[in-house]
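Asks: Pasting a structure below so you can have a look.
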Amino acid sequence: MFCPECGSIIVNKKGKLVCSSCGYEVKEGKIKDRQTKKVDKTVKVAKENPEVLPKIKAKCPKCGNEEAYFWVVQTRAADEAPTRFYKCTKCGHVWREYD
Ligand SMILES: [Zn+2]
Ligand SMILES: [Zn+2]
C-alpha cells in the first residue's frame, strides 16, 4: 500500500496506517467500507424492541392481520435500495419487502 500524497510506503503504526515519509494517515473508513455488514444484527435488535418501531398498514401473510411494525435496513451497497421489514402486531411474524 502506498501513500496517495507522496507515494511512499504506508506502515502500520499502533493500529493506524500512516505514511512512513510524510505522515499521511489513512482513514479507517476507507478500509472498512469494503466489508459488507451483516443485517442480521440490526434485525435482531429491532425484533427485541418492537415498541419503538412505527406501525404501518400492511397485511400479514401469515395471520391476515392488517397492521405491522416496520423498519428499514440498508442490506447491501449504499447505492442500492434499502429493504423494508415488517413485523405483524398480532402474531409477531416478520417478513421483508423490496421497494
Ligand atoms: Zn506520504
Ligand atoms: Zn400475523
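By order in the C-alpha cells, chains are A, B, ...; within a chain, residues start at 1; ligands start at 1, following the order shown.
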Give me the residues within 8 Å of Ile9 of chain A as a PDB file with C-alpha atoms, in the first residue's frame, counting only C-alpha atoms and dropping any in the same chain fewer than 3 places off.
Replies:
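Output below, filename selection.pdb:
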ATOM      1  CA  MET A   1       0.000   0.000   0.000  1.00  0.00           C
ATOM      2  CA  PHE A   2       1.324   3.427  -0.922  1.00  0.00           C
ATOM      3  CA  CYS A   3       0.659   6.961   0.253  1.00  0.00           C
ATOM      4  CA  CYS A  19       2.787   7.132   5.605  1.00  0.00           C
ATOM      5  CA  SER A  20       6.433   6.483   6.538  1.00  0.00           C
ATOM      6  CA  SER A  21       7.534   9.640   4.782  1.00  0.00           C
TER       7      SER A  21
END
Asks: At a cut-off of 6 Å around ligand 1, and using only C-alpha atoms and all ligand atoms, what residues come up? Please write them as JSON, numbers by chain.
Replies: {"A": [3, 5, 6, 7, 8, 19, 21, 22, 23, 24]}
Asks: Put those residues in a file: C-alpha atoms, as a PDB file, in the first residue's frame.
Replies:
ATOM      1  CA  CYS A   3       0.659   6.961   0.253  1.00  0.00           C
ATOM      2  CA  GLU A   5       0.066  12.092  -1.134  1.00  0.00           C
ATOM      3  CA  CYS A   6       3.728  11.303  -1.756  1.00  0.00           C
ATOM      4  CA  GLY A   7       3.892   7.702  -2.956  1.00  0.00           C
ATOM      5  CA  SER A   8       5.884   6.351  -0.002  1.00  0.00           C
ATOM      6  CA  CYS A  19       2.787   7.132   5.605  1.00  0.00           C
ATOM      7  CA  SER A  21       7.534   9.640   4.782  1.00  0.00           C
ATOM      8  CA  CYS A  22       5.028  12.482   5.082  1.00  0.00           C
ATOM      9  CA  GLY A  23       2.862  11.199   7.933  1.00  0.00           C
ATOM     10  CA  TYR A  24      -0.326  10.992   5.905  1.00  0.00           C
TER      11      TYR A  24
END
Asks: Please, which residues have at least one atom within 12 Å of an atom of ligand 2, using only C-alpha atoms and all ligand atoms, listed as a PDB file with C-alpha atoms, in the first residue's frame?
Replies:
ATOM      1  CA  ALA A  58     -49.650  -3.927   5.961  1.00  0.00           C
ATOM      2  CA  LYS A  59     -51.232  -7.311   5.657  1.00  0.00           C
ATOM      3  CA  CYS A  60     -49.533 -10.151   7.494  1.00  0.00           C
ATOM      4  CA  PRO A  61     -49.044 -13.083   5.096  1.00  0.00           C
ATOM      5  CA  LYS A  62     -49.354 -15.489   7.996  1.00  0.00           C
ATOM      6  CA  CYS A  63     -52.423 -14.491  10.027  1.00  0.00           C
ATOM      7  CA  GLY A  64     -54.019 -11.811   7.836  1.00  0.00           C
ATOM      8  CA  ASN A  65     -53.731  -9.050  10.449  1.00  0.00           C
ATOM      9  CA  GLU A  66     -53.629  -5.654   8.738  1.00  0.00           C
ATOM     10  CA  GLU A  67     -51.228  -3.774  10.960  1.00  0.00           C
ATOM     11  CA  ALA A  68     -47.478  -4.269  11.263  1.00  0.00           C
ATOM     12  CA  TYR A  69     -44.409  -2.609  12.685  1.00  0.00           C
ATOM     13  CA  TYR A  86     -42.448  -5.811   8.643  1.00  0.00           C
ATOM     14  CA  LYS A  87     -43.439  -7.425  11.893  1.00  0.00           C
ATOM     15  CA  CYS A  88     -47.054  -8.359  12.486  1.00  0.00           C
ATOM     16  CA  THR A  89     -48.511  -6.647  15.571  1.00  0.00           C
ATOM     17  CA  LYS A  90     -50.690  -9.675  16.219  1.00  0.00           C
ATOM     18  CA  CYS A  91     -48.675 -12.862  15.672  1.00  0.00           C
ATOM     19  CA  GLY A  92     -45.162 -11.433  15.522  1.00  0.00           C
ATOM     20  CA  HIS A  93     -44.436 -12.833  12.081  1.00  0.00           C
ATOM     21  CA  VAL A  94     -41.593 -10.986  10.339  1.00  0.00           C
ATOM     22  CA  TRP A  95     -41.315 -10.577   6.600  1.00  0.00           C
TER      23      TRP A  95
END
Asks: If I take atom CA of Gln74 of chain A and atom CA of Leu53 of chain A, how far is one from the other in Å, to one decimal?
Replies: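 Those two atoms sit 16.3 Å apart.
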Asks: Can you tell me how far atom CA of Leu17 of chain A sits from atom CA of Pro4 of chain A, in Å to one decimal?
Replies: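 These atoms are spaced 12.2 Å apart.
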Asks: So the first atom is atom CA of Ala77 of chain A and the second is atom CA of Lys27 of chain A; what is the distance between them in Å, to one decimal place?
Replies: 19.4 Å
Asks: Which residue gives the smallest distance to Val73 of chain A among A:Val52, A:Glu25, A:Glu97, A:Lys57, with only C-alpha atoms counted?
Replies: A:Glu97
